[in-house]
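Asks: Structure file work_29.txt (compact mmCIF, N, CA and C atoms) is given on the next line.
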# COMPACT_ATOMS: atom_id res chain seq x y z
N MET A 1 11.90 13.25 0.28
CA MET A 1 11.12 12.88 1.44
C MET A 1 10.80 11.39 1.43
N LEU A 2 10.87 10.75 0.29
CA LEU A 2 10.60 9.31 0.22
C LEU A 2 11.82 8.47 0.56
N SER A 3 12.99 9.09 0.67
CA SER A 3 14.23 8.33 0.84
C SER A 3 14.19 7.41 2.05
N LYS A 4 13.59 7.86 3.15
CA LYS A 4 13.46 7.01 4.35
C LYS A 4 12.73 5.72 4.01
N TYR A 5 11.68 5.82 3.24
CA TYR A 5 10.88 4.65 2.91
C TYR A 5 11.55 3.80 1.83
N LEU A 6 12.22 4.44 0.89
CA LEU A 6 12.91 3.69 -0.16
C LEU A 6 14.09 2.90 0.38
N ALA A 7 14.64 3.32 1.52
CA ALA A 7 15.76 2.62 2.14
C ALA A 7 15.29 1.44 3.00
N ALA A 8 13.99 1.34 3.21
CA ALA A 8 13.45 0.28 4.07
C ALA A 8 13.57 -1.08 3.40
N THR A 9 13.61 -2.10 4.23
CA THR A 9 13.62 -3.46 3.72
C THR A 9 12.32 -4.16 4.13
N TYR A 10 12.03 -5.24 3.43
CA TYR A 10 10.78 -5.97 3.65
C TYR A 10 10.91 -6.94 4.82
N GLU A 11 9.86 -6.99 5.63
CA GLU A 11 9.70 -8.05 6.63
C GLU A 11 8.19 -8.25 6.80
N ASP A 12 7.75 -9.47 6.63
CA ASP A 12 6.33 -9.76 6.74
C ASP A 12 5.83 -9.38 8.13
N GLY A 13 4.80 -8.55 8.19
CA GLY A 13 4.21 -8.10 9.44
C GLY A 13 4.87 -6.87 10.05
N ALA A 14 5.93 -6.36 9.43
CA ALA A 14 6.66 -5.21 10.00
C ALA A 14 5.92 -3.91 9.77
N ARG A 15 5.99 -3.02 10.76
CA ARG A 15 5.30 -1.73 10.70
C ARG A 15 6.27 -0.55 10.85
N GLY A 16 7.55 -0.74 10.58
CA GLY A 16 8.51 0.35 10.56
C GLY A 16 9.29 0.46 11.84
N PRO A 17 10.22 1.35 11.93
CA PRO A 17 10.53 2.40 10.96
C PRO A 17 11.54 2.00 9.88
N ASP A 18 12.22 0.87 10.04
CA ASP A 18 13.23 0.47 9.05
C ASP A 18 12.80 -0.71 8.20
N ARG A 19 11.82 -1.46 8.67
CA ARG A 19 11.34 -2.64 7.97
C ARG A 19 9.81 -2.55 7.88
N TYR A 20 9.29 -2.91 6.72
CA TYR A 20 7.85 -2.84 6.47
C TYR A 20 7.42 -4.02 5.62
N ASP A 21 6.15 -4.39 5.75
CA ASP A 21 5.52 -5.18 4.70
C ASP A 21 4.68 -4.18 3.91
N CYS A 22 3.92 -4.64 2.92
CA CYS A 22 3.23 -3.68 2.05
C CYS A 22 2.22 -2.83 2.82
N TRP A 23 1.46 -3.44 3.75
CA TRP A 23 0.49 -2.66 4.51
C TRP A 23 1.20 -1.71 5.47
N GLY A 24 2.28 -2.15 6.08
CA GLY A 24 3.04 -1.28 6.98
C GLY A 24 3.55 -0.05 6.27
N LEU A 25 4.03 -0.21 5.04
CA LEU A 25 4.53 0.93 4.27
C LEU A 25 3.39 1.87 3.91
N VAL A 26 2.27 1.33 3.46
CA VAL A 26 1.11 2.16 3.11
C VAL A 26 0.67 2.99 4.30
N ARG A 27 0.52 2.36 5.44
CA ARG A 27 0.00 3.08 6.61
C ARG A 27 1.00 4.13 7.09
N ALA A 28 2.30 3.82 7.06
CA ALA A 28 3.31 4.79 7.51
C ALA A 28 3.38 6.00 6.57
N VAL A 29 3.43 5.78 5.27
CA VAL A 29 3.55 6.88 4.31
C VAL A 29 2.31 7.78 4.38
N ARG A 30 1.14 7.17 4.40
CA ARG A 30 -0.09 7.97 4.49
C ARG A 30 -0.09 8.86 5.73
N HIS A 31 0.32 8.29 6.86
CA HIS A 31 0.26 9.04 8.12
C HIS A 31 1.44 10.00 8.30
N GLU A 32 2.65 9.47 8.16
CA GLU A 32 3.85 10.26 8.45
C GLU A 32 4.17 11.29 7.37
N LEU A 33 3.98 10.94 6.12
CA LEU A 33 4.37 11.81 5.02
C LEU A 33 3.22 12.68 4.53
N LEU A 34 2.02 12.11 4.49
CA LEU A 34 0.88 12.82 3.92
C LEU A 34 -0.09 13.36 4.95
N GLY A 35 0.14 13.06 6.24
CA GLY A 35 -0.70 13.62 7.31
C GLY A 35 -2.11 13.05 7.38
N LEU A 36 -2.33 11.89 6.79
CA LEU A 36 -3.64 11.25 6.83
C LEU A 36 -3.78 10.42 8.10
N PRO A 37 -5.00 10.08 8.48
CA PRO A 37 -5.20 9.31 9.72
C PRO A 37 -4.42 7.99 9.70
N LEU A 38 -3.91 7.60 10.87
CA LEU A 38 -3.20 6.33 10.99
C LEU A 38 -4.20 5.20 10.91
N LEU A 39 -3.99 4.31 9.98
CA LEU A 39 -4.89 3.18 9.77
C LEU A 39 -4.56 2.05 10.74
N PRO A 40 -5.49 1.10 10.94
CA PRO A 40 -5.23 -0.02 11.84
C PRO A 40 -3.99 -0.80 11.42
N SER A 41 -3.34 -1.42 12.38
CA SER A 41 -2.10 -2.14 12.13
C SER A 41 -2.31 -3.45 11.37
N PHE A 42 -3.31 -4.21 11.74
CA PHE A 42 -3.50 -5.56 11.19
C PHE A 42 -2.20 -6.35 11.27
N GLY A 43 -1.44 -6.14 12.33
CA GLY A 43 -0.10 -6.72 12.47
C GLY A 43 -0.06 -8.23 12.50
N ALA A 44 -1.14 -8.88 12.87
CA ALA A 44 -1.15 -10.34 12.91
C ALA A 44 -1.36 -10.96 11.54
N VAL A 45 -1.77 -10.16 10.56
CA VAL A 45 -2.03 -10.66 9.21
C VAL A 45 -0.71 -10.74 8.44
N ARG A 46 -0.45 -11.87 7.88
CA ARG A 46 0.79 -12.10 7.14
C ARG A 46 0.51 -12.33 5.66
N ASN A 47 1.54 -12.14 4.87
CA ASN A 47 1.48 -12.35 3.43
C ASN A 47 1.07 -13.78 3.10
N THR A 48 1.38 -14.70 3.96
CA THR A 48 1.06 -16.12 3.73
C THR A 48 -0.37 -16.46 4.12
N MET A 49 -1.18 -15.45 4.46
CA MET A 49 -2.56 -15.64 4.91
C MET A 49 -3.51 -14.89 3.99
N PRO A 50 -3.69 -15.32 2.74
CA PRO A 50 -4.49 -14.54 1.78
C PRO A 50 -5.94 -14.30 2.22
N ALA A 51 -6.56 -15.25 2.87
CA ALA A 51 -7.95 -15.05 3.31
C ALA A 51 -8.00 -13.97 4.39
N ALA A 52 -7.08 -14.01 5.34
CA ALA A 52 -7.04 -13.00 6.41
C ALA A 52 -6.67 -11.64 5.82
N PHE A 53 -5.76 -11.60 4.86
CA PHE A 53 -5.36 -10.35 4.21
C PHE A 53 -6.58 -9.74 3.52
N THR A 54 -7.36 -10.57 2.84
CA THR A 54 -8.55 -10.09 2.13
C THR A 54 -9.61 -9.61 3.12
N ARG A 55 -9.79 -10.32 4.24
CA ARG A 55 -10.75 -9.86 5.26
C ARG A 55 -10.33 -8.50 5.83
N ALA A 56 -9.05 -8.32 6.08
CA ALA A 56 -8.55 -7.02 6.59
C ALA A 56 -8.81 -5.93 5.55
N TYR A 57 -8.55 -6.24 4.29
CA TYR A 57 -8.83 -5.29 3.22
C TYR A 57 -10.31 -4.91 3.21
N GLU A 58 -11.19 -5.91 3.26
CA GLU A 58 -12.63 -5.65 3.21
C GLU A 58 -13.07 -4.79 4.39
N GLU A 59 -12.52 -5.03 5.56
CA GLU A 59 -12.84 -4.23 6.75
C GLU A 59 -12.45 -2.77 6.54
N GLN A 60 -11.25 -2.54 6.02
CA GLN A 60 -10.79 -1.17 5.81
C GLN A 60 -11.50 -0.52 4.62
N ALA A 61 -11.69 -1.25 3.54
CA ALA A 61 -12.34 -0.69 2.34
C ALA A 61 -13.76 -0.24 2.64
N ALA A 62 -14.44 -0.90 3.58
CA ALA A 62 -15.80 -0.51 3.94
C ALA A 62 -15.84 0.88 4.57
N LEU A 63 -14.71 1.32 5.11
CA LEU A 63 -14.63 2.64 5.75
C LEU A 63 -14.13 3.72 4.79
N MET A 64 -13.81 3.32 3.57
CA MET A 64 -13.25 4.23 2.58
C MET A 64 -14.16 4.27 1.37
N GLU A 65 -13.75 5.05 0.36
CA GLU A 65 -14.52 5.08 -0.87
C GLU A 65 -13.60 4.85 -2.06
N GLU A 66 -14.15 4.16 -3.05
CA GLU A 66 -13.39 3.92 -4.28
C GLU A 66 -13.15 5.26 -4.96
N CYS A 67 -11.99 5.40 -5.60
CA CYS A 67 -11.66 6.67 -6.24
C CYS A 67 -10.72 6.44 -7.41
N LYS A 68 -10.49 7.51 -8.14
CA LYS A 68 -9.43 7.51 -9.14
C LYS A 68 -8.12 7.71 -8.37
N PRO A 69 -6.98 7.36 -8.96
CA PRO A 69 -5.71 7.55 -8.25
C PRO A 69 -5.50 9.01 -7.84
N GLU A 70 -5.04 9.20 -6.60
CA GLU A 70 -4.72 10.52 -6.06
C GLU A 70 -3.71 10.31 -4.94
N PRO A 71 -2.92 11.33 -4.59
CA PRO A 71 -1.96 11.16 -3.50
C PRO A 71 -2.66 10.69 -2.22
N GLY A 72 -2.09 9.66 -1.62
CA GLY A 72 -2.64 9.09 -0.40
C GLY A 72 -3.61 7.95 -0.61
N ALA A 73 -4.05 7.74 -1.84
CA ALA A 73 -4.98 6.63 -2.11
C ALA A 73 -4.25 5.31 -1.93
N ILE A 74 -5.01 4.33 -1.48
CA ILE A 74 -4.47 2.97 -1.36
C ILE A 74 -4.79 2.23 -2.64
N ALA A 75 -3.77 1.62 -3.22
CA ALA A 75 -3.94 0.79 -4.42
C ALA A 75 -4.04 -0.66 -3.97
N ALA A 76 -5.21 -1.25 -4.09
CA ALA A 76 -5.41 -2.65 -3.72
C ALA A 76 -5.27 -3.51 -4.97
N VAL A 77 -4.41 -4.51 -4.90
CA VAL A 77 -4.11 -5.38 -6.03
C VAL A 77 -4.80 -6.72 -5.81
N PHE A 78 -5.51 -7.17 -6.82
CA PHE A 78 -6.29 -8.40 -6.73
C PHE A 78 -5.77 -9.49 -7.65
N ARG A 79 -5.95 -10.71 -7.20
CA ARG A 79 -5.85 -11.90 -8.05
C ARG A 79 -7.18 -12.60 -7.85
N GLY A 80 -8.05 -12.46 -8.84
CA GLY A 80 -9.42 -12.93 -8.67
C GLY A 80 -10.11 -12.06 -7.62
N ARG A 81 -10.66 -12.69 -6.58
CA ARG A 81 -11.34 -11.94 -5.51
C ARG A 81 -10.43 -11.74 -4.30
N ILE A 82 -9.22 -12.25 -4.38
CA ILE A 82 -8.28 -12.18 -3.25
C ILE A 82 -7.36 -10.98 -3.42
N VAL A 83 -7.20 -10.21 -2.34
CA VAL A 83 -6.25 -9.10 -2.35
C VAL A 83 -4.88 -9.68 -2.05
N ILE A 84 -3.93 -9.40 -2.93
CA ILE A 84 -2.59 -9.98 -2.77
C ILE A 84 -1.52 -8.94 -2.41
N HIS A 85 -1.88 -7.63 -2.51
CA HIS A 85 -0.86 -6.61 -2.32
C HIS A 85 -1.53 -5.26 -2.20
N VAL A 86 -0.87 -4.33 -1.52
CA VAL A 86 -1.32 -2.94 -1.49
C VAL A 86 -0.12 -2.02 -1.67
N ALA A 87 -0.39 -0.83 -2.19
CA ALA A 87 0.62 0.21 -2.36
C ALA A 87 -0.06 1.54 -2.06
N VAL A 88 0.72 2.60 -2.00
CA VAL A 88 0.15 3.92 -1.74
C VAL A 88 0.52 4.84 -2.91
N VAL A 89 -0.42 5.69 -3.30
CA VAL A 89 -0.18 6.63 -4.40
C VAL A 89 0.51 7.87 -3.83
N VAL A 90 1.58 8.27 -4.50
CA VAL A 90 2.33 9.48 -4.15
C VAL A 90 2.55 10.30 -5.42
N GLU A 91 2.91 11.56 -5.23
CA GLU A 91 3.23 12.41 -6.38
C GLU A 91 4.74 12.57 -6.44
N ILE A 92 5.32 12.29 -7.61
CA ILE A 92 6.76 12.42 -7.82
C ILE A 92 6.97 13.21 -9.10
N ASP A 93 7.66 14.32 -8.98
CA ASP A 93 7.94 15.19 -10.14
C ASP A 93 6.67 15.53 -10.92
N GLY A 94 5.60 15.80 -10.21
CA GLY A 94 4.36 16.22 -10.84
C GLY A 94 3.52 15.11 -11.43
N ALA A 95 3.93 13.86 -11.24
CA ALA A 95 3.16 12.73 -11.77
C ALA A 95 2.83 11.76 -10.63
N LEU A 96 1.75 11.02 -10.81
CA LEU A 96 1.36 10.05 -9.79
C LEU A 96 2.14 8.76 -9.96
N ALA A 97 2.51 8.18 -8.81
CA ALA A 97 3.26 6.94 -8.80
C ALA A 97 2.76 6.08 -7.64
N ALA A 98 3.03 4.79 -7.70
CA ALA A 98 2.71 3.88 -6.61
C ALA A 98 4.00 3.55 -5.87
N LEU A 99 3.97 3.72 -4.57
CA LEU A 99 5.09 3.35 -3.70
C LEU A 99 4.74 2.01 -3.09
N GLU A 100 5.63 1.03 -3.25
CA GLU A 100 5.33 -0.31 -2.79
C GLU A 100 6.58 -1.00 -2.24
N ILE A 101 6.33 -2.02 -1.45
CA ILE A 101 7.37 -2.95 -1.04
C ILE A 101 6.75 -4.33 -1.14
N ARG A 102 7.42 -5.24 -1.84
CA ARG A 102 6.77 -6.50 -2.20
C ARG A 102 7.28 -7.72 -1.47
N ASN A 103 8.59 -7.84 -1.30
CA ASN A 103 9.11 -9.08 -0.71
C ASN A 103 10.52 -8.86 -0.18
N ASP A 104 11.08 -9.89 0.40
CA ASP A 104 12.39 -9.76 1.03
C ASP A 104 13.54 -9.76 0.03
N ARG A 105 13.25 -9.88 -1.24
CA ARG A 105 14.30 -9.83 -2.27
C ARG A 105 14.50 -8.42 -2.82
N THR A 106 13.56 -7.52 -2.52
CA THR A 106 13.65 -6.16 -3.04
C THR A 106 13.38 -5.16 -1.92
N SER A 107 13.87 -3.95 -2.09
CA SER A 107 13.54 -2.88 -1.16
C SER A 107 12.30 -2.16 -1.71
N ALA A 108 11.88 -1.14 -0.99
CA ALA A 108 10.74 -0.36 -1.46
C ALA A 108 11.10 0.31 -2.79
N ARG A 109 10.09 0.57 -3.60
CA ARG A 109 10.32 1.23 -4.89
C ARG A 109 9.06 2.00 -5.27
N TRP A 110 9.22 2.90 -6.23
CA TRP A 110 8.06 3.59 -6.78
C TRP A 110 8.02 3.32 -8.27
N MET A 111 6.80 3.30 -8.78
CA MET A 111 6.58 3.10 -10.22
C MET A 111 5.52 4.08 -10.67
N ARG A 112 5.69 4.66 -11.84
CA ARG A 112 4.64 5.48 -12.42
C ARG A 112 3.38 4.62 -12.51
N LEU A 113 2.23 5.24 -12.33
CA LEU A 113 0.99 4.46 -12.27
C LEU A 113 0.74 3.58 -13.49
N PRO A 114 0.97 4.05 -14.71
CA PRO A 114 0.73 3.14 -15.85
C PRO A 114 1.59 1.86 -15.76
N ASP A 115 2.83 2.00 -15.30
CA ASP A 115 3.70 0.83 -15.17
C ASP A 115 3.23 -0.07 -14.03
N PHE A 116 2.83 0.54 -12.92
CA PHE A 116 2.31 -0.23 -11.79
C PHE A 116 1.07 -1.01 -12.21
N GLU A 117 0.12 -0.34 -12.83
CA GLU A 117 -1.11 -1.01 -13.25
C GLU A 117 -0.85 -2.10 -14.28
N ALA A 118 0.14 -1.91 -15.13
CA ALA A 118 0.48 -2.92 -16.14
C ALA A 118 1.09 -4.18 -15.51
N SER A 119 1.59 -4.04 -14.28
CA SER A 119 2.21 -5.17 -13.59
C SER A 119 1.19 -6.11 -12.95
N TYR A 120 -0.05 -5.68 -12.86
CA TYR A 120 -1.08 -6.44 -12.16
C TYR A 120 -2.35 -6.54 -13.01
N LEU A 121 -3.15 -7.56 -12.78
CA LEU A 121 -4.37 -7.73 -13.56
C LEU A 121 -5.47 -6.75 -13.15
N ARG A 122 -5.59 -6.47 -11.82
CA ARG A 122 -6.67 -5.61 -11.35
C ARG A 122 -6.21 -4.79 -10.15
N VAL A 123 -6.39 -3.48 -10.24
CA VAL A 123 -6.04 -2.56 -9.16
C VAL A 123 -7.24 -1.65 -8.91
N ILE A 124 -7.64 -1.51 -7.65
CA ILE A 124 -8.70 -0.59 -7.26
C ILE A 124 -8.11 0.38 -6.24
N TYR A 125 -8.46 1.65 -6.38
CA TYR A 125 -7.95 2.71 -5.50
C TYR A 125 -9.02 3.14 -4.50
N TYR A 126 -8.57 3.43 -3.28
CA TYR A 126 -9.46 3.87 -2.21
C TYR A 126 -8.89 5.09 -1.51
N ARG A 127 -9.77 5.98 -1.08
CA ARG A 127 -9.37 7.14 -0.28
C ARG A 127 -10.28 7.22 0.95
N ASP A 128 -9.86 8.04 1.91
CA ASP A 128 -10.66 8.26 3.10
C ASP A 128 -11.97 8.93 2.70
N LYS A 129 -13.05 8.55 3.36
CA LYS A 129 -14.32 9.24 3.13
C LYS A 129 -14.23 10.63 3.73
N PRO A 130 -14.88 11.62 3.05
CA PRO A 130 -14.83 12.99 3.59
C PRO A 130 -15.57 13.11 4.92
Take the structure in this file and express it as structure tokens.
Replies:
Amino acid sequence: MLSKYLAATYEDGARGPDRYDCWGLVRAVRHELLGLPLLPSFGAVRNTMPAAFTRAYEEQAALMEECKPEPGAIAAVFRGRIVIHVAVVVEIDGALAALEIRNDRTSARWMRLPDFEASYLRVIYYRDKP
């Protein structure tokens, strides 16, 4: 079921169905694959706009709650106080993994959570409030 997303390529600001940036992939997988509410597009926010990316994160995080990793959770990646990336938690072969798309040199990929977390200094997970 992830093959559609794994075949996608990166484009800054893209929201699918064939091209995504990291937020576009998170919002599509959560909604289309996991049946969770469709999150705001934030389509004007680009990877080259770290302050705007962080403001969009803060706006969305205020509507969610911090959690341990679980399917559908958003993994927010920080460098200091700035959010630099997001991914979505999925279950693959009975284990939790992060599905992400990072840049135009790579396609989407999944990583087991310990490997994903080891790739970044700080990751915080969020889920929808009940």
Asks: Please determine, counting all atoms listed in the file, which residue among A:Glu91, A:Val86, A:Ala118, A:Gln60 has the shortest atom-to-atom distance to Asp21 of chain A.
Replies: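 The shortest atom-to-atom distance to Asp21 of chain A comes from A:Val86.
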Asks: Given the choices A:Ile74, A:Gly43, A:Trp23, A:Arg79, which gets closest to Arg127 of chain A if the distance is worked out from all atoms listed in the file?
Replies: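 Nearest to Arg127 of chain A: A:Ile74.
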Asks: So that I can check the surroundings of Thr106 of chain A, please list as number ranges by chain every protein, DNA and RNA residue that reaches within 7 Å of it, counting all atoms listed in the file and ignoring chain neighbours fewer than 5 positions away.
Replies: A: 8-10, 101
Asks: Got a sec to tell me which of segment 27-115 of chain A DSSP assigns to strand (DSSP E), as a count of residues only?
Replies: 31
Asks: How would you write, as a PyMOL selection string, the set of residues in chain A that DSSP gives as helix (DSSP H, G or I)?
Replies: chain A and resi 3-6+22-33+50-61+113-118
Asks: Tell me which of A:Pro114, A:Gly94, A:Gly13, A:Pro130 sits closest to Leu63 of chain A, counting only C-alpha atoms.
Replies: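 Ranking A:Pro114, A:Gly94, A:Gly13, A:Pro130 by distance to Leu63 of chain A, first place goes to A:Pro130.
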Asks: Mind giving me the axis-aligned box for segment 32-39 of chain A with 5 Å on every side, centre plus edges in Å to one decimal, as AutoDock Vina command-line options?
Replies:
--center_x -0.4 --center_y 7.8 --center_z 7.5 --size_x 19.6 --size_y 21.6 --size_z 17.1
Asks: Name the residues in contact with Gly72 of chain A at a cut-off of 8 Å, using all atoms listed in the file, excluding same-chain residues fewer than 5 positions from it; report them as a VMD selection string.
Replies: chain A and resid 29 to 31 34 36 87 to 91 126 to 128
Asks: Record the distance separating atom CA of Arg105 of chain A and atom CA of Ala51 of chain A, expressed in Å with one decimal.
Replies: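 Interatomic distance, atom CA of Arg105 of chain A to atom CA of Ala51 of chain A: 23.5 Å.
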Asks: May I ask which of the residues A:Ala7, A:Cys22, A:Val77, A:Leu39 is the closest one to Glu100 of chain A, counting only N, CA and C atoms?
Replies: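 Ranked by minimum distance to Glu100 of chain A, first place goes to A:Cys22.
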Asks: Using only C-alpha atoms, which of the listed residues (A:Phe53, A:Trp110, A:Tyr20, A:Tyr120) sits closest to Phe78 of chain A?
Replies: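 For Phe78 of chain A, the nearest of the given residues is A:Tyr120.
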Asks: How many Å separate atom CA of Ala28 of chain A from atom CA of Asp115 of chain A?
Replies: 23.0 Å
Asks: Any idea what the distance is between atom CA of Ala61 of chain A and atom CA of Met1 of chain A?
Replies: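 Going from atom CA of Ala61 of chain A over to atom CA of Met1 of chain A, I get 27.1 Å.
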Asks: Pick the closest to Asp12 of chain A from A:Lys68, A:Arg27, A:Lys129, A:Arg46: which is it, counting all atoms listed in the file?
Replies: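 With all atoms listed in the file as the atom set, the closest residue is A:Arg46.
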Asks: Please list as a ChimeraX atom specification every residue within 7 Å of Arg112 of chain A, counting only N, CA and C atoms and excluding residues in the same chain fewer than 5 positions away.
Replies: /A:95-98,117
Asks: Excluding Gly80 of chain A and any residue of its chain fewer than 3 positions from it, enumerate the residues within 8 Å of it, using all atoms listed in the file, and give them as number ranges by chain.
Replies: A: 77, 83-84, 121-122
